[in-house]
Amino acid sequence: MIFFAFRSYTTFLFLFLTVFGVFLALEGESMFSVWMGMEVSFLGVLFLISGETEEEVESTMKYFIIQVISSHLFLLSILSIAGGWWVLESPYFMVVSLLIKLGVFPFHFWVPSVISQMSYFSLILISVVQKMIPIWVFSNLSLEGSLLWLVEIALILSAFVGAVGGLGVLHFRTILSYSSISHTCFMVVVSFYSFKAFIVYLAVYFFLNLGLVSSLWSMKIYTVSDLQKVSNISSESVTQAISFYGLSLAGMPPFTGFFLKFFFLVLSWNEFPLMCVFFLMFSIISLYYYFFIFSALSVFSLFGGMSFRSKPFYWSWTFTISVVFNILPGFMLFMAVGIV
Amino acid sequence: MVKGDEWMRFLSVWFFITPFLLLSCYSVYFSSMGFFWGLCCSFVLFILLVMSSGMSFFFLIPNSWVMMDDLSFLMEVLVLLVFVLSVACSVKDLSFPLKETSKGLDSGLALISLPCVLFFCVGGWMPFYFFFEFSLIPTLWMILKWGYQPERLQAGMFLLMYTAGASLPLLMCLVFVLLVVGSDSFILMELSDTGYWFSRWLLVPVLLAFFVKLPIYGFHVWLPKAHVEAPLAGSMVLAGVLLKLGGFGLIRVLGLLKVILSEEALLLCSLIIWGGLLSSLISATQHDIKSIIAYSSVSHMSLVAVSILSCYPLAKLAGVCMMFAHGVCSPCMFALAASSYDWSQSRSISMNKSILRLFPWFSFYWFSFIVANMSCPPSLNFFSEVVMFSSIKSIGFVFILPLGLLCEFYLCLLYFFMRFFEPWWGVIFFKIVSGY
């Protein structure tokens, strides 16, 4: 419960600023308010992610530069759509600036290096909250012709990056950054169907990510070598409970994460069949690093976590949250896909 | 239907029933559940009677989410049987080293069997896929948690990647069918003529998922690894039930998605039979008992796949009977292998030699199950294999050659049996040890 880094009382202020910025963008009447909301929310997030350590400040700087460039490009595109020069190319400017903001190929290079140095709380903010406004703009653009072709190619290739980049990585935050790249691609395609569908996807993804990240943060596990710190029985039970999130994010039934894949497939098979094929092929590849998360948390803990010599099970809040987020909604959400 | 055909079916099924009774007599002592076995026998008798009498329109559809026909009843009986067998045979895992530390093995087993039970009675494609994949995660959990060797991590990864990777294309095709037809229920597909305009290419990813699950030779790599590294109960449920998910799915898909594959069927059948032959040859070269049984599972399932793909009703019946017989025989062989492992602490044949001298009753059980697996009369395997051979030769007469060579795997099992029971080596060893 003390998960969101209670470093100072200003955390609440900046969280409010972040959410208010999103509200401004979604409810404003002109494109300027979208841009303004983007900046306000970015300001709030900036204060929240710049933590105490040097690595966090460094990744905040990188994030700042990238986002400022893309915001300026976005502003330029708004102005030129509204009636300036370069009227023919201005939708391209807008799309490219949104791609930079989201971390989609070929502008994905900042995502692993930024996220892998940040605290877990910042990870949630960047991979969930900061996706809302650019994808809101995406879902309102009527993409067609070569613009749609550009976005499709970018998404397919970034799904490839998200799948292949996480293989063989030992730091959990880097794995989660590649996972966020590939989930972003899914989210963009879902938003082409409707914004409400995207909110549903985002909500489920947010809860899964939140559960995983808060559990990892409370156990202070950042890499595989931190798993050796798991030295007492109750912690072993906790890590085994956390391991479900790995396979859930991969999209395996019966976990909740399967709803994400199935929802995406049902909504976008009619319009983008080729993208569905490619995304599913690449999520087979990404299953490898999700299995790594699963096996690292359940097998690699000290004192033979997964052998029959393990001690009996100890209950903890983490276990309850893991079951409630992963296993309970699994079948129910799967059956409820037809509602949206 | 021709009268002679019906007589042929009726007689052949009566031939099936008697040997099954004889086979089950061995197993009564093995599992000490006499009444339960009697119940299962009578149920299976009823099923086979129903299937043989031509009442293939026997469907039970209480609501739109459940559909049971004779095949699903048979498979439910099989799941129940294998589950009870597994629990009974894994006594040593349940109380080693202390009762508290092995908590969860029985619930793990129940968690594998639960989606299998649900899988065989669903009425729509989406729950079908959900339970098809659901059974994977508890199997993975059992292999990782209760397996004996450190190689089980790689085995679990192979299992997950192969099976989940092949079934995501299946999900795509099922969603395509859902969006085209408007519903995923089996009844609607049976009653409407939706399949005739599906492209032939739809069937490739769909078949792939079941071929990996069955498994067929090219995609079989996960099976020996998973069987060898799984605990006893996990191996039994894997061999007995989880492979049959693939065969059951194949039957459902070919029946409900009415896609015509007459030209590709020949190519597929020849590849599958050749794979079965290769797998039986590989099985003859193994020195790990569980590996031998695993590779022979692959060749049995290849025969099942070809007989189902041939789309002859008698061949389908024979394939179903082979699935059932293999699902009973293979777990028993794994249990025997685990007992040998308990005694000699090794899974290799050479360390388990000459048990004929030491454990005569035990080697009698080994003999009976090896011989049944080899399809020797009067076992159920024999009759299903005979009928399968005669149906497969009707597809293309050239298949006689590899099918005959598949008897090779009879020979390999005989080889295993011979090496296992060489009594004269045991005599020499005994003489050296006792200092004569």
# chains A, B, ... in the order shown; residues from 1 in each chain; ligands from 1
>>> residues_around(residues="A:Leu167", least_positions_apart="2", cutoff="12 Å", atoms="only C-alpha atoms", output="list in words")
Phe160, Val161, Gly162, Ala163, Val164, Gly165, Val169, Leu170, His171, Phe172, Thr174, Ile175, Leu176, Tyr178, Ser179, Ile284, Ile285, Ser286, Leu287, Tyr288, Tyr289, Tyr290, Phe291, Phe292 and Ile293 of chain A
>>> residues_around(residues="stretch 320-331 of chain A", least_positions_apart="2", cutoff="9 Å", atoms="only C-alpha atoms", output="list of chain:residue names")
A:Val204, A:Phe207, A:Leu208, A:Gly211, A:Leu212, A:Ser215, A:Ala241, A:Ile242, A:Ser243, A:Phe244, A:Tyr245, A:Ser248, A:Pro253, A:Pro254, A:Phe255, A:Thr256, A:Gly257, A:Phe258, A:Phe259, A:Trp315, A:Ser316, A:Trp317, A:Thr318, A:Leu333, A:Phe334, A:Met335, A:Ala336, B:Phe130
>>> residues_around(residues="B:Ser72", least_positions_apart="6", cutoff="10 Å", atoms="only C-alpha atoms", output="ChimeraX atom specification")
/B:47,59,78,117,119-122,248
>>> atom_distance(atom1="atom CA of A:Gly84", atom2="atom CA of A:Phe32")
15.2 Å
>>> residues_around(residues="A:Gln130", least_positions_apart="3", cutoff="10 Å", atoms="only C-alpha atoms", output="PyMOL selection string")
chain A and resi 18-19+22+38+41-42+45+101-102+124-127+133-135
>>> write_last_selection(atoms="N, CA and C atoms", output="mmCIF file, in the first residue's frame")
data_model
loop_
_atom_site.group_PDB
_atom_site.id
_atom_site.type_symbol
_atom_site.label_atom_id
_atom_site.label_comp_id
_atom_site.auth_asym_id
_atom_site.auth_seq_id
_atom_site.Cartn_x
_atom_site.Cartn_y
_atom_site.Cartn_z
ATOM 1 N N THR A 18 -0.720 14.946 -13.177
ATOM 2 C CA THR A 18 -0.701 13.967 -14.263
ATOM 3 C C THR A 18 -2.120 13.638 -14.716
ATOM 4 N N VAL A 19 -2.956 13.293 -13.755
ATOM 5 C CA VAL A 19 -4.321 12.894 -14.105
ATOM 6 C C VAL A 19 -5.092 14.075 -14.696
ATOM 7 N N VAL A 22 -4.299 14.485 -18.312
ATOM 8 C CA VAL A 22 -5.020 13.533 -19.160
ATOM 9 C C VAL A 22 -6.455 13.991 -19.352
ATOM 10 N N MET A 38 -1.224 17.256 -22.821
ATOM 11 C CA MET A 38 -0.031 16.428 -22.966
ATOM 12 C C MET A 38 1.116 17.016 -22.163
ATOM 13 N N SER A 41 0.453 16.913 -18.229
ATOM 14 C CA SER A 41 0.625 15.564 -17.703
ATOM 15 C C SER A 41 2.094 15.176 -17.702
ATOM 16 N N PHE A 42 2.779 15.588 -18.765
ATOM 17 C CA PHE A 42 4.201 15.293 -18.854
ATOM 18 C C PHE A 42 4.962 15.949 -17.718
ATOM 19 N N VAL A 45 4.413 13.941 -14.566
ATOM 20 C CA VAL A 45 5.150 12.685 -14.602
ATOM 21 C C VAL A 45 6.635 12.945 -14.414
ATOM 22 N N LYS A 101 6.353 9.492 -29.257
ATOM 23 C CA LYS A 101 5.883 9.526 -27.871
ATOM 24 C C LYS A 101 5.624 8.141 -27.320
ATOM 25 N N LEU A 102 5.075 7.273 -28.181
ATOM 26 C CA LEU A 102 4.690 5.960 -27.683
ATOM 27 C C LEU A 102 5.867 4.995 -27.613
ATOM 28 N N ILE A 124 5.331 2.126 -14.160
ATOM 29 C CA ILE A 124 3.878 2.123 -14.346
ATOM 30 C C ILE A 124 3.430 3.411 -15.008
ATOM 31 N N LEU A 125 3.943 4.536 -14.502
ATOM 32 C CA LEU A 125 3.515 5.813 -15.044
ATOM 33 C C LEU A 125 3.819 5.921 -16.520
ATOM 34 N N ILE A 126 5.034 5.506 -16.897
ATOM 35 C CA ILE A 126 5.409 5.700 -18.298
ATOM 36 C C ILE A 126 4.716 4.696 -19.192
ATOM 37 N N SER A 127 4.592 3.442 -18.736
ATOM 38 C CA SER A 127 4.054 2.474 -19.689
ATOM 39 C C SER A 127 2.546 2.423 -19.686
ATOM 40 N N ILE A 133 -2.872 9.672 -23.755
ATOM 41 C CA ILE A 133 -3.162 10.815 -24.636
ATOM 42 C C ILE A 133 -2.752 10.570 -26.081
ATOM 43 N N PRO A 134 -1.553 10.032 -26.346
ATOM 44 C CA PRO A 134 -1.243 9.779 -27.759
ATOM 45 C C PRO A 134 -2.214 8.805 -28.403
ATOM 46 N N ILE A 135 -2.647 7.800 -27.641
ATOM 47 C CA ILE A 135 -3.562 6.832 -28.243
ATOM 48 C C ILE A 135 -4.956 7.434 -28.391
#
>>> closest_residue(among="A:Tyr92, A:Phe282, A:Phe121, A:Phe74", to="A:Ser50", atoms="only C-alpha atoms")
A:Phe121
>>> decode(residues="stretch 195-246 of chain A", atoms="C-alpha atoms", output="PDB file, in the first residue's frame")
ATOM      1  CA  PHE A 195     -11.538   4.378 -27.641  1.00  0.00           C
ATOM      2  CA  LYS A 196     -13.722   2.549 -25.154  1.00  0.00           C
ATOM      3  CA  ALA A 197     -12.165  -0.742 -26.228  1.00  0.00           C
ATOM      4  CA  PHE A 198      -8.738   0.732 -25.669  1.00  0.00           C
ATOM      5  CA  ILE A 199      -9.736   1.832 -22.156  1.00  0.00           C
ATOM      6  CA  VAL A 200     -10.845  -1.709 -21.364  1.00  0.00           C
ATOM      7  CA  TYR A 201      -7.539  -3.104 -22.652  1.00  0.00           C
ATOM      8  CA  LEU A 202      -5.593  -0.476 -20.760  1.00  0.00           C
ATOM      9  CA  ALA A 203      -7.477  -1.134 -17.530  1.00  0.00           C
ATOM     10  CA  VAL A 204      -6.730  -4.869 -17.562  1.00  0.00           C
ATOM     11  CA  TYR A 205      -3.111  -4.260 -18.589  1.00  0.00           C
ATOM     12  CA  PHE A 206      -2.787  -1.639 -15.860  1.00  0.00           C
ATOM     13  CA  PHE A 207      -3.991  -3.990 -13.138  1.00  0.00           C
ATOM     14  CA  LEU A 208      -1.713  -6.796 -14.294  1.00  0.00           C
ATOM     15  CA  ASN A 209       1.287  -4.514 -14.501  1.00  0.00           C
ATOM     16  CA  LEU A 210       0.447  -2.881 -11.187  1.00  0.00           C
ATOM     17  CA  GLY A 211       0.204  -6.210  -9.415  1.00  0.00           C
ATOM     18  CA  LEU A 212       3.483  -7.460 -10.853  1.00  0.00           C
ATOM     19  CA  VAL A 213       5.375  -4.259 -10.259  1.00  0.00           C
ATOM     20  CA  SER A 214       4.113  -3.667  -6.734  1.00  0.00           C
ATOM     21  CA  SER A 215       4.977  -7.250  -5.760  1.00  0.00           C
ATOM     22  CA  LEU A 216       8.451  -6.986  -7.264  1.00  0.00           C
ATOM     23  CA  TRP A 217       8.957  -3.618  -5.589  1.00  0.00           C
ATOM     24  CA  SER A 218       7.921  -4.902  -2.197  1.00  0.00           C
ATOM     25  CA  MET A 219      10.359  -7.821  -2.519  1.00  0.00           C
ATOM     26  CA  LYS A 220      13.009  -5.431  -3.897  1.00  0.00           C
ATOM     27  CA  ILE A 221      13.739  -7.704  -6.836  1.00  0.00           C
ATOM     28  CA  TYR A 222      15.357  -5.918  -9.733  1.00  0.00           C
ATOM     29  CA  THR A 223      17.479  -8.601 -11.382  1.00  0.00           C
ATOM     30  CA  VAL A 224      17.851 -12.355 -11.254  1.00  0.00           C
ATOM     31  CA  SER A 225      20.698 -12.072  -8.755  1.00  0.00           C
ATOM     32  CA  ASP A 226      18.329 -10.341  -6.357  1.00  0.00           C
ATOM     33  CA  LEU A 227      16.372 -13.551  -6.191  1.00  0.00           C
ATOM     34  CA  GLN A 228      19.100 -14.976  -3.993  1.00  0.00           C
ATOM     35  CA  LYS A 229      17.974 -12.563  -1.330  1.00  0.00           C
ATOM     36  CA  VAL A 230      14.786 -14.586  -1.041  1.00  0.00           C
ATOM     37  CA  SER A 231      15.932 -16.568   1.907  1.00  0.00           C
ATOM     38  CA  ASN A 232      12.988 -17.315   4.142  1.00  0.00           C
ATOM     39  CA  ILE A 233       9.997 -19.479   3.542  1.00  0.00           C
ATOM     40  CA  SER A 234       7.346 -16.799   3.402  1.00  0.00           C
ATOM     41  CA  SER A 235       9.283 -14.898   0.763  1.00  0.00           C
ATOM     42  CA  GLU A 236       9.535 -18.059  -1.302  1.00  0.00           C
ATOM     43  CA  SER A 237       5.790 -18.401  -1.279  1.00  0.00           C
ATOM     44  CA  VAL A 238       5.477 -14.776  -2.322  1.00  0.00           C
ATOM     45  CA  THR A 239       7.784 -15.185  -5.313  1.00  0.00           C
ATOM     46  CA  GLN A 240       5.907 -18.247  -6.421  1.00  0.00           C
ATOM     47  CA  ALA A 241       2.710 -16.235  -6.309  1.00  0.00           C
ATOM     48  CA  ILE A 242       4.306 -13.444  -8.352  1.00  0.00           C
ATOM     49  CA  SER A 243       5.349 -15.881 -11.062  1.00  0.00           C
ATOM     50  CA  PHE A 244       1.759 -16.094 -12.331  1.00  0.00           C
ATOM     51  CA  TYR A 245       1.964 -12.528 -13.630  1.00  0.00           C
ATOM     52  CA  GLY A 246       4.658 -13.528 -16.084  1.00  0.00           C
TER      53      GLY A 246
END
